[in-house]
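Visitor: Provided below: final.cif, containing mmCIF, C-alpha atoms.
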data_final
loop_
_atom_site.label_atom_id
_atom_site.label_comp_id
_atom_site.auth_asym_id
_atom_site.auth_seq_id
_atom_site.Cartn_x
_atom_site.Cartn_y
_atom_site.Cartn_z
CA MET A 1436 108.30 53.48 63.80
CA ALA A 1437 110.85 50.95 62.62
CA GLY A 1438 113.83 50.59 64.94
CA VAL A 1439 112.66 52.96 67.70
CA SER A 1440 109.70 52.24 69.95
CA GLU A 1441 107.65 54.65 72.02
CA GLN A 1442 108.85 52.80 75.10
CA GLU A 1443 112.48 53.53 74.20
CA ILE A 1444 111.59 57.19 73.91
CA LEU A 1445 109.78 57.22 77.25
CA ASP A 1446 112.68 55.36 78.93
CA ALA A 1447 115.07 58.05 77.69
CA LEU A 1448 112.77 60.86 78.83
CA ALA A 1449 112.57 59.32 82.30
CA LYS A 1450 116.10 60.66 82.78
CA VAL A 1451 114.79 64.24 82.51
CA THR A 1452 113.43 65.76 85.73
CA GLU A 1453 111.19 68.74 86.41
CA PRO A 1454 113.39 71.03 88.55
CA ASP A 1455 110.81 72.07 91.17
CA SER A 1456 109.24 68.69 91.96
CA GLY A 1457 112.31 66.56 91.21
CA LYS A 1458 110.06 64.05 89.42
CA ASP A 1459 110.93 62.76 85.99
CA ILE A 1460 108.71 64.20 83.26
CA VAL A 1461 107.32 60.76 82.30
CA SER A 1462 106.06 59.66 85.72
CA ALA A 1463 104.80 63.20 86.31
CA GLY A 1464 102.52 62.78 83.29
CA MET A 1465 103.99 65.76 81.45
CA ILE A 1466 104.46 64.06 78.06
CA SER A 1467 101.64 64.42 75.54
CA GLY A 1468 101.04 64.14 71.80
CA LEU A 1469 103.89 61.69 71.18
CA GLN A 1470 104.16 61.03 67.44
CA THR A 1471 106.75 58.92 65.64
CA LYS A 1472 107.55 58.12 62.02
CA GLY A 1473 110.74 56.60 60.69
CA GLY A 1474 113.46 58.38 62.63
CA HIS A 1475 111.37 61.46 63.44
CA VAL A 1476 109.94 62.04 66.92
CA ALA A 1477 107.59 64.82 68.03
CA PHE A 1478 105.93 65.43 71.39
CA ALA A 1479 104.99 68.13 73.88
CA ILE A 1480 105.87 68.70 77.54
CA GLU A 1481 102.98 70.22 79.49
CA VAL A 1482 104.15 72.84 81.97
CA ASP A 1483 102.84 75.62 84.20
CA PRO A 1484 102.40 78.67 81.93
CA ALA A 1485 104.08 80.90 84.52
CA LYS A 1486 107.26 78.80 84.28
CA GLY A 1487 107.48 78.36 80.53
CA ALA A 1488 110.58 80.50 79.96
CA GLU A 1489 112.59 79.07 82.85
CA LEU A 1490 111.87 75.48 81.77
CA GLU A 1491 113.46 75.92 78.34
CA PRO A 1492 116.64 74.09 79.52
CA MET A 1493 114.43 71.12 80.46
CA ARG A 1494 112.87 71.14 76.98
CA LYS A 1495 116.30 71.29 75.41
CA LEU A 1496 117.55 68.39 77.50
CA ALA A 1497 114.52 66.28 76.55
CA GLU A 1498 115.24 67.01 72.90
CA GLU A 1499 118.88 66.00 73.33
CA VAL A 1500 118.21 62.68 75.11
CA VAL A 1501 115.69 61.63 72.45
CA TYR A 1502 117.98 62.71 69.63
CA ALA A 1503 120.72 60.56 71.19
CA ILE A 1504 118.62 57.40 70.77
CA LYS A 1505 120.01 55.22 68.02
CA GLY A 1506 117.88 55.54 64.91
CA VAL A 1507 116.38 58.95 65.73
CA ILE A 1508 116.88 61.48 62.92
CA SER A 1509 115.04 64.44 64.42
CA ALA A 1510 113.33 65.38 67.67
CA THR A 1511 110.65 68.09 67.75
CA VAL A 1512 109.92 68.99 71.38
CA VAL A 1513 107.66 71.84 72.42
CA LEU A 1514 106.48 73.26 75.73
CA THR A 1515 102.75 73.75 76.04
CA ALA A 1516 100.48 75.05 78.77
CA GLU A 1517 96.84 75.85 79.33
CA ARG A 1518 96.22 79.15 81.06
CA GLY A 1519 93.19 79.36 83.30
CA ALA A 1520 90.70 82.14 82.70
CA ASP A 1521 91.72 83.92 85.91
CA ALA A 1522 95.46 83.40 85.55
CA PRO A 1523 97.53 86.57 85.21
CA PRO A 1524 99.50 87.12 82.00
CA PRO A 1525 103.16 86.10 82.12
CA ALA A 1526 105.50 88.73 83.51
CA LYS A 1527 107.62 90.56 80.99
CA SER A 1528 111.33 90.18 81.47
CA GLY A 1529 112.11 93.36 79.56
CA PRO A 1530 110.84 95.77 76.94
CA GLY A 1531 108.81 94.23 74.17
CA MET A 1532 109.18 94.30 70.43
CA GLY A 1533 109.31 97.88 69.22
CA GLU A 1534 109.30 99.40 72.70
CA PRO A 1535 112.10 101.71 73.90
CA GLY A 1536 115.11 99.58 74.67
CA GLY A 1537 113.44 96.49 73.23
CA PRO A 1538 114.27 94.49 70.11
CA VAL A 1539 113.79 96.28 66.81
CA PRO A 1540 111.16 94.64 64.57
CA LYS A 1541 112.61 93.45 61.26
CA MET A 1542 111.01 94.15 57.91
CA GLY A 1543 111.04 91.09 55.64
CA ALA A 1544 112.25 87.75 56.96
CA PRO A 1545 112.70 87.16 60.68
CA GLU A 1546 115.87 85.72 62.16
CA ILE A 1547 114.48 82.22 61.74
CA LEU A 1548 114.09 82.83 57.98
CA GLN A 1549 117.06 85.05 57.22
CA GLY A 1550 117.36 83.93 53.60
CA VAL A 1551 113.66 84.35 52.75
CA LYS A 1552 112.88 87.64 51.01
CA SER A 1553 109.08 87.46 51.20
CA ILE A 1554 106.45 85.34 52.93
CA ILE A 1555 102.84 85.04 51.76
CA ALA A 1556 99.97 83.20 53.43
CA VAL A 1557 97.32 81.46 51.35
CA ALA A 1558 94.23 81.41 53.53
CA SER A 1559 90.49 80.84 53.49
CA GLY A 1560 87.72 81.56 55.94
CA LYS A 1561 86.53 77.95 55.71
CA GLY A 1562 87.66 74.55 54.47
CA GLY A 1563 86.68 72.90 51.22
CA VAL A 1564 87.33 75.84 48.87
CA GLY A 1565 90.49 74.42 47.27
CA LYS A 1566 92.99 76.48 49.27
CA SER A 1567 95.75 73.85 49.30
CA THR A 1568 95.39 73.13 45.57
CA THR A 1569 95.62 76.86 44.96
CA ALA A 1570 98.69 77.19 47.21
CA VAL A 1571 100.52 74.40 45.37
CA ASN A 1572 99.80 75.70 41.87
CA LEU A 1573 100.50 79.28 42.95
CA ALA A 1574 103.92 78.19 44.27
CA LEU A 1575 104.63 76.35 41.01
CA GLY A 1576 103.46 79.36 39.01
CA LEU A 1577 105.88 81.59 40.94
CA ALA A 1578 108.69 79.09 40.31
CA ALA A 1579 107.82 79.03 36.60
CA GLY A 1580 108.77 82.70 36.55
CA GLY A 1581 112.30 81.85 37.71
CA ARG A 1582 111.84 82.51 41.43
CA ARG A 1583 113.26 80.44 44.26
CA VAL A 1584 110.20 79.16 46.11
CA GLY A 1585 109.53 77.34 49.36
CA LEU A 1586 106.21 75.79 50.40
CA LEU A 1587 105.33 75.39 54.09
CA ASP A 1588 102.33 73.24 54.98
CA ALA A 1589 100.95 74.99 58.09
CA ASP A 1590 97.88 72.76 58.28
CA ILE A 1591 99.15 70.52 61.08
CA TYR A 1592 95.87 68.66 61.53
CA GLY A 1593 95.36 67.93 57.82
CA PRO A 1594 98.71 68.12 56.00
CA SER A 1595 98.25 67.56 52.27
CA MET A 1596 101.47 68.79 50.68
CA PRO A 1597 103.27 65.40 50.58
CA ARG A 1598 100.50 63.92 48.42
CA MET A 1599 99.86 67.02 46.30
CA MET A 1600 103.56 67.61 45.61
CA GLY A 1601 104.20 63.93 44.91
CA ILE A 1602 106.82 63.64 47.67
CA THR A 1603 107.45 60.50 49.71
CA GLY A 1604 110.12 59.78 52.29
CA GLN A 1605 111.34 61.64 55.32
CA PRO A 1606 113.61 64.64 55.84
CA THR A 1607 117.28 64.15 56.66
CA SER A 1608 119.84 66.53 58.12
CA SER A 1609 122.98 67.46 56.21
CA ASP A 1610 124.46 69.49 59.07
CA GLY A 1611 123.34 67.32 62.00
CA LYS A 1612 121.35 70.25 63.44
CA ASN A 1613 118.51 71.25 61.15
CA LEU A 1614 116.30 69.27 58.79
CA ASP A 1615 116.65 69.66 55.04
CA PRO A 1616 113.33 70.32 53.30
CA LEU A 1617 112.22 67.79 50.73
CA GLU A 1618 112.04 68.99 47.15
CA ASN A 1619 110.10 68.36 43.96
CA TYR A 1620 109.44 70.41 40.83
CA GLY A 1621 112.10 72.85 42.03
CA ILE A 1622 110.11 73.72 45.20
CA LYS A 1623 111.42 73.19 48.73
CA VAL A 1624 108.66 71.72 50.91
CA MET A 1625 108.18 71.07 54.61
CA SER A 1626 105.10 69.48 56.16
CA MET A 1627 104.15 67.65 59.33
CA GLY A 1628 102.99 64.98 56.89
CA PHE A 1629 106.66 64.05 56.40
CA LEU A 1630 107.07 63.40 60.13
CA VAL A 1631 103.95 61.36 61.00
CA GLU A 1632 102.05 58.57 59.30
CA GLU A 1633 99.40 59.78 56.85
CA ASP A 1634 96.47 58.30 58.80
CA THR A 1635 97.75 59.34 62.26
CA PRO A 1636 95.49 61.94 63.91
CA MET A 1637 97.28 64.96 65.38
CA ILE A 1638 95.62 65.30 68.78
CA TRP A 1639 97.51 68.44 69.72
CA ARG A 1640 96.46 71.60 71.52
CA GLY A 1641 96.90 75.04 69.97
CA PRO A 1642 100.23 75.93 71.65
CA MET A 1643 101.74 72.63 70.51
CA VAL A 1644 100.71 73.38 66.93
CA GLN A 1645 102.22 76.85 67.03
CA SER A 1646 105.51 75.58 68.46
CA ALA A 1647 105.68 72.88 65.79
CA LEU A 1648 105.12 75.50 63.08
CA GLU A 1649 107.87 77.69 64.50
CA GLN A 1650 110.25 74.74 64.48
CA MET A 1651 109.42 73.97 60.84
CA MET A 1652 110.57 77.51 60.07
CA ARG A 1653 113.44 77.84 62.55
CA ASP A 1654 114.94 74.34 62.41
CA VAL A 1655 114.79 73.75 58.65
CA ASN A 1656 117.54 74.60 56.15
CA TRP A 1657 115.38 76.69 53.83
CA GLY A 1658 118.36 78.48 52.30
CA GLU A 1659 117.90 81.49 50.02
CA LEU A 1660 114.32 81.96 48.78
CA ASP A 1661 112.59 84.72 46.87
CA VAL A 1662 109.25 83.74 48.35
CA MET A 1663 107.82 81.28 50.85
CA VAL A 1664 104.21 80.25 50.30
CA ILE A 1665 102.44 79.18 53.51
CA ASP A 1666 99.38 76.98 53.13
CA MET A 1667 97.45 78.18 56.18
CA PRO A 1668 94.93 76.07 58.12
CA PRO A 1669 91.32 76.85 57.13
CA GLY A 1670 89.30 79.20 59.29
CA THR A 1671 90.08 82.19 61.49
CA GLY A 1672 90.69 80.64 64.89
CA ASP A 1673 93.52 80.93 67.39
CA ALA A 1674 96.03 78.99 65.28
CA GLN A 1675 95.52 81.22 62.26
CA LEU A 1676 95.58 84.44 64.28
CA THR A 1677 98.73 83.44 66.17
CA MET A 1678 100.47 82.45 62.93
CA ALA A 1679 99.59 85.80 61.39
CA GLN A 1680 100.94 87.62 64.44
CA ARG A 1681 104.19 85.65 64.86
CA VAL A 1682 105.32 85.45 61.25
CA PRO A 1683 106.20 88.76 59.54
CA LEU A 1684 104.05 88.12 56.50
CA THR A 1685 104.63 90.19 53.39
CA GLY A 1686 100.96 89.67 52.64
CA ALA A 1687 98.07 87.23 52.45
CA ILE A 1688 95.88 85.83 49.68
CA ILE A 1689 92.27 84.83 50.33
CA VAL A 1690 90.78 81.89 48.41
CA SER A 1691 87.00 81.64 48.10
CA THR A 1692 84.32 80.06 45.97
CA PRO A 1693 81.74 82.41 44.41
CA GLN A 1694 78.69 81.66 46.56
CA ASP A 1695 77.52 84.01 49.29
CA ILE A 1696 78.21 81.74 52.29
CA ALA A 1697 81.85 81.22 51.21
CA LEU A 1698 82.30 84.95 50.61
CA LEU A 1699 81.01 85.63 54.10
CA ASP A 1700 83.79 83.43 55.50
CA ALA A 1701 86.29 85.07 53.14
CA ARG A 1702 85.41 88.45 54.67
CA ARG A 1703 86.23 87.05 58.10
CA GLY A 1704 89.64 85.96 56.84
CA LEU A 1705 90.23 89.36 55.30
CA ASN A 1706 89.27 91.14 58.52
CA MET A 1707 91.54 88.88 60.57
CA PHE A 1708 94.59 89.89 58.52
CA ARG A 1709 93.62 93.54 58.57
CA LYS A 1710 93.37 93.48 62.36
CA VAL A 1711 96.97 92.28 62.64
CA ASN A 1712 98.18 94.73 59.95
CA VAL A 1713 98.97 92.11 57.30
CA PRO A 1714 98.39 93.42 53.75
CA VAL A 1715 95.91 91.37 51.73
CA LEU A 1716 97.44 90.95 48.27
CA GLY A 1717 94.22 89.85 46.61
CA LEU A 1718 91.29 87.48 46.32
CA ILE A 1719 91.08 84.34 44.16
CA GLU A 1720 87.79 82.82 43.00
CA ASN A 1721 88.17 79.03 42.90
CA MET A 1722 85.59 76.63 41.39
CA SER A 1723 84.44 79.69 39.47
CA TYR A 1724 82.45 77.76 36.84
CA PHE A 1725 82.18 74.30 35.29
CA ASN A 1726 82.39 73.37 31.61
CA CYS A 1727 80.90 69.94 30.89
CA PRO A 1728 83.62 67.83 29.19
CA HIS A 1729 80.96 65.98 27.14
CA CYS A 1730 78.60 68.67 25.83
CA GLY A 1731 80.68 71.78 26.47
CA GLU A 1732 77.82 73.50 28.32
CA ARG A 1733 78.90 75.86 31.08
CA SER A 1734 77.30 75.67 34.53
CA ASP A 1735 77.88 78.12 37.36
CA ILE A 1736 77.51 75.50 40.07
CA PHE A 1737 78.58 77.78 42.91
CA SER A 1738 77.39 80.97 41.18
CA HIS A 1739 80.01 83.09 39.43
CA GLY A 1740 81.77 86.42 39.83
CA GLY A 1741 81.03 86.80 43.51
CA ALA A 1742 84.70 87.03 44.49
CA ARG A 1743 85.42 89.65 41.84
CA SER A 1744 82.48 91.76 43.04
CA GLU A 1745 83.54 91.31 46.65
CA ALA A 1746 87.10 92.37 45.83
CA GLU A 1747 85.81 95.50 44.12
CA ARG A 1748 83.52 96.27 47.05
CA LEU A 1749 86.34 95.88 49.56
CA GLY A 1750 88.87 97.80 47.48
CA MET A 1751 91.28 94.89 47.02
CA ASP A 1752 92.84 93.24 43.98
CA PHE A 1753 91.06 90.40 42.23
CA LEU A 1754 93.85 88.02 41.23
CA GLY A 1755 91.84 85.73 38.97
CA GLU A 1756 89.39 82.86 38.68
CA VAL A 1757 90.00 79.12 38.36
CA PRO A 1758 87.27 76.77 37.06
CA LEU A 1759 86.02 73.59 38.66
CA HIS A 1760 87.61 70.92 36.50
CA MET A 1761 88.37 67.22 36.86
CA GLU A 1762 91.93 67.59 35.59
CA ILE A 1763 92.82 70.00 38.39
CA ARG A 1764 91.51 67.53 40.96
CA GLU A 1765 93.10 64.49 39.31
CA THR A 1766 96.53 66.06 38.95
CA SER A 1767 96.47 67.28 42.55
CA ASP A 1768 95.50 63.83 43.87
CA SER A 1769 98.22 62.15 41.80
CA GLY A 1770 100.99 64.46 43.00
CA LYS A 1771 101.46 66.02 39.56
CA PRO A 1772 99.89 69.51 39.84
CA ILE A 1773 98.46 70.89 36.64
CA VAL A 1774 100.97 73.74 36.33
CA VAL A 1775 103.75 71.18 35.79
CA SER A 1776 101.83 68.23 34.32
CA ASN A 1777 99.94 70.24 31.68
CA PRO A 1778 101.49 73.71 31.56
CA ASP A 1779 99.84 74.62 28.25
CA SER A 1780 96.30 74.05 29.53
CA GLU A 1781 94.05 77.03 30.16
CA HIS A 1782 93.85 76.06 33.83
CA ALA A 1783 97.64 76.06 34.27
CA LYS A 1784 97.83 79.40 32.48
CA ALA A 1785 95.22 80.77 34.89
CA TYR A 1786 97.41 79.82 37.85
CA VAL A 1787 100.52 81.30 36.22
CA SER A 1788 98.65 84.54 35.56
CA ILE A 1789 97.56 84.64 39.21
CA ALA A 1790 101.18 84.00 40.25
CA GLU A 1791 102.45 86.91 38.16
CA LYS A 1792 99.86 89.28 39.62
CA THR A 1793 100.75 88.02 43.08
CA TRP A 1794 104.47 88.63 42.48
CA ALA A 1795 103.77 92.19 41.35
CA ASN A 1796 101.81 92.79 44.55
CA ILE A 1797 104.58 91.20 46.64
CA GLU A 1798 107.14 93.57 45.17
CA SER A 1799 104.80 96.49 45.80
CA ALA A 1800 104.24 95.42 49.42
CA LEU A 1801 107.98 94.98 50.01
CA GLY A 1802 108.59 98.45 48.59
CA GLU A 1803 106.00 99.98 50.92
CA GLN A 1804 107.48 98.16 53.92
CA SER A 1805 110.98 99.33 53.04
CA ALA A 1806 109.77 102.92 52.66
CA ALA A 1807 108.11 102.70 56.08
CA VAL A 1808 111.44 101.96 57.81
CA PRO A 1809 112.92 105.26 59.10
CA LYS A 1810 116.35 106.04 57.71
CA ILE A 1811 119.06 107.42 60.00
CA VAL A 1812 121.26 110.00 58.33
CA VAL A 1813 124.58 110.98 59.96
CA GLN A 1814 125.83 114.42 58.99
#
Rewrite the structure of this file - the entire thing - as structure tokens.

Guide:
Amino acid sequence: MAGVSEQEILDALAKVTEPDSGKDIVSAGMISGLQTKGGHVAFAIEVDPAKGAELEPMRKLAEEVVYAIKGVISATVVLTAERGADAPPPAKSGPGMGEPGGPVPKMGAPEILQGVKSIIAVASGKGGVGKSTTAVNLALGLAAGGRRVGLLDADIYGPSMPRMMGITGQPTSSDGKNLDPLENYGIKVMSMGFLVEEDTPMIWRGPMVQSALEQMMRDVNWGELDVMVIDMPPGTGDAQLTMAQRVPLTGAIIVSTPQDIALLDARRGLNMFRKVNVPVLGLIENMSYFNCPHCGERSDIFSHGGARSEAERLGMDFLGEVPLHMEIRETSDSGKPIVVSNPDSEHAKAYVSIAEKTWANIESALGEQSAAVPKIVVQ
């Protein structure tokens, strides 16, 4: 990182002490996952899980001393802990969400995303099905309909949005507090790929990933949005489940290829969202078929129609199919997604059609959520 070395960061953090032991957090070996790029710094402080809440002032101080280093633009600092199998759950300091006397759950955007009207997750049960390409073109299709759209890259380990959206550079802060998302094609975008070098591995534990995701929502000036599209990590592990539980999603979209093994993983993704009461807005069949550009012959390389049949079997909407085509891959790799680079192509029109169906389902889901909120009438 030009201008700021890791040693400068560690020297600054040596001024922060752990309150119980009195040791500084560097010599105590509490710093992990230190990542730097340009003026952006990210790291975790490993703490006892039983003391997480009371050590928040220490986390805040660490953030402040790093931010004060000349040349640092942003500091992302998270607390992380590994709980042993026999460790008791953390004590509750008061009533929980939705319990008597506790905080009232909000329908729609949480406090960290006050200006966001709806949030949808684009997910898959496995990697390699074109989920990120779908998320990008879906977001652009929604924007083509005149909506204000944000795109959050939640795949911390393999962020791809900077390349796919053709965005280079690093976020800045207009208010000195929160980062401003980068923007292209009218879409506001935030990704860990803006904060670390492209070839830098993210050797972070699950809690560190979740805290980083929360900061990309809470500490970013997203502004007023009609919809935020979240490109979820592939799979159905702890990171995906925690994201689904912590973010009040309007709904989720499952991306799958037509073959049986991919549909099996898609079912797992569907069941994960259903278990946490997140509506599934529909299923998309990607790489649905292949038309040879030379002879025009069609080949169903991964079979065909499996996602449509699965959607019918499960009683969910089938949002559409997208073919396997070189132009979709080439435009994604070049940072000029097909919806904007060739909007009149049949492939771009397929994405726009999927976006319109998705928007109709978003409005329906928001209406159902609003109707579910009890109304208090004073007479």

Visitor: What lies within 9 Å of Ile1789 of chain A using all atoms listed in the file, ignoring chain neighbours under 3 positions off, as a list in words?

Guide: Leu1573, Gly1576, Ile1719, Leu1754, Gly1755, Glu1756, Lys1784, Ala1785, Tyr1786, Lys1792, Thr1793 and Trp1794 of chain A

Visitor: For this file, the PyMOL selection byres ((chain A and resi 1482) around 10) selects which residues, as a PyMOL selection string?

Guide: chain A and resi 1453+1460+1465-1466+1479-1481+1483-1487+1490+1514-1517

Visitor: Using all atoms listed in the file for the distances, tell me which of A:Thr1568, A:Ser1553, A:Ser1456, A:Ser1626 is nearest to Thr1766 of chain A.

Guide: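 With all atoms listed in the file as the atom set, the closest residue is A:Thr1568.
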
Visitor: Kindly indicate which residue among A:Ala1558, A:Val1451, A:Ala1570, A:Ile1591 lies nearest to Met1667 of chain A, using only C-alpha atoms for the distances.

Guide: A:Ala1558

Visitor: Closest to Asn1712 of chain A among A:Arg1653, A:Asn1726, A:Val1682, A:Thr1569, using all atoms listed in the file?

Guide: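 Checking each of A:Arg1653, A:Asn1726, A:Val1682, A:Thr1569 against Asn1712 of chain A, counting all atoms listed in the file, the winner is A:Val1682.
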
Visitor: Considering all atoms listed in the file, return as a list in words whatever protein or nucleic-acid residues lie within 8 Å of Leu1660 of chain A, sequence-local ones (same chain, fewer than 2 positions apart) excluded.

Guide: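 Returned residues: Gly1550, Val1551, Lys1552, Ser1553, Arg1582, Arg1583, Val1584, Gly1585, Trp1657, Gly1658, Val1662 and Met1663 of chain A.
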
Visitor: Would you kindly translate the PyMOL selection byres ((chain A and resi 1668) around 10) into the concrete residues it picks from this file, as a ChimeraX atom specification?

Guide: /A:1556-1562,1566-1567,1588-1594,1665-1667,1669-1672,1674-1675,1678

Visitor: Please, what distance in Å, to one decimal, runs between atom CA of Met1651 of chain A and atom CA of Pro1616 of chain A?

Guide: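 Result for atom CA of Met1651 of chain A versus atom CA of Pro1616 of chain A: 9.2 Å, one decimal.
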
Visitor: Can you translate the PyMOL selection byres ((chain A and resi 1477) around 10) into the concrete residues it hits in this file, as a list in words?

Guide: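 Checked against the file, the PyMOL selection byres ((chain A and resi 1477) around 10) matches Ser1467, Gly1468, Leu1469, Gln1470, Thr1471, Lys1472, His1475, Val1476, Phe1478, Ala1479, Glu1498, Val1501, Ser1509, Ala1510, Thr1511, Val1512, Val1513, Met1627, Leu1630, Val1631 and Ala1647 of chain A.
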
Visitor: Any idea what's packed within 12 Å of Pro1778 of chain A, counting only C-alpha atoms, ignoring anything in its chain fewer than 4 positions away? Could you give it as a PyMOL selection string?

Guide: chain A and resi 1572+1575-1576+1579+1763+1766+1771-1774+1782-1788

Visitor: Kindly indicate which residue among A:Met1643, A:Ala1701, A:Val1564, A:Met1751 lies nearest to Val1715 of chain A, using all atoms listed in the file for the distances.

Guide: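 Closest to Val1715 of chain A, using all atoms listed in the file: A:Met1751.
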
Visitor: Taking into account all atoms listed in the file, which residue in the set A:Pro1693, A:Met1761, A:Met1600, A:Leu1705 is nearest to Arg1743 of chain A?

Guide: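 Smallest separation from Arg1743 of chain A among the options: A:Pro1693.
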
Visitor: Counting all atoms listed in the file, figure out which residue out of A:Ser1734, A:Gln1605, A:Ser1440, A:Ser1691 gets nearest to Lys1505 of chain A.

Guide: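 Nearest to Lys1505 of chain A: A:Ser1440.
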
Visitor: Can you work out the spacing between atom CA of Arg1703 of chain A and atom CA of Ile1689 of chain A in Å, to one decimal?

Guide: 10.1 Å

Visitor: Any idea what the distance is between atom CA of Glu1489 of chain A and atom CA of Asp1446 of chain A?

Guide: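 Atom-to-atom, atom CA of Glu1489 of chain A to atom CA of Asp1446 of chain A, that is 24.0 Å.
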
Visitor: Neighbours of Thr1603 of chain A within 9 Å (only C-alpha atoms; same-chain residues fewer than 3 positions away dropped), as a compact mmCIF listing (two decimals) with C-alpha atoms, keeping the file's coordinate frame?

Guide:
# COMPACT_ATOMS: atom_id res chain seq x y z
CA PRO A 1597 103.27 65.40 50.58
CA ARG A 1598 100.50 63.92 48.42
CA LEU A 1617 112.22 67.79 50.73
CA PHE A 1629 106.66 64.05 56.40
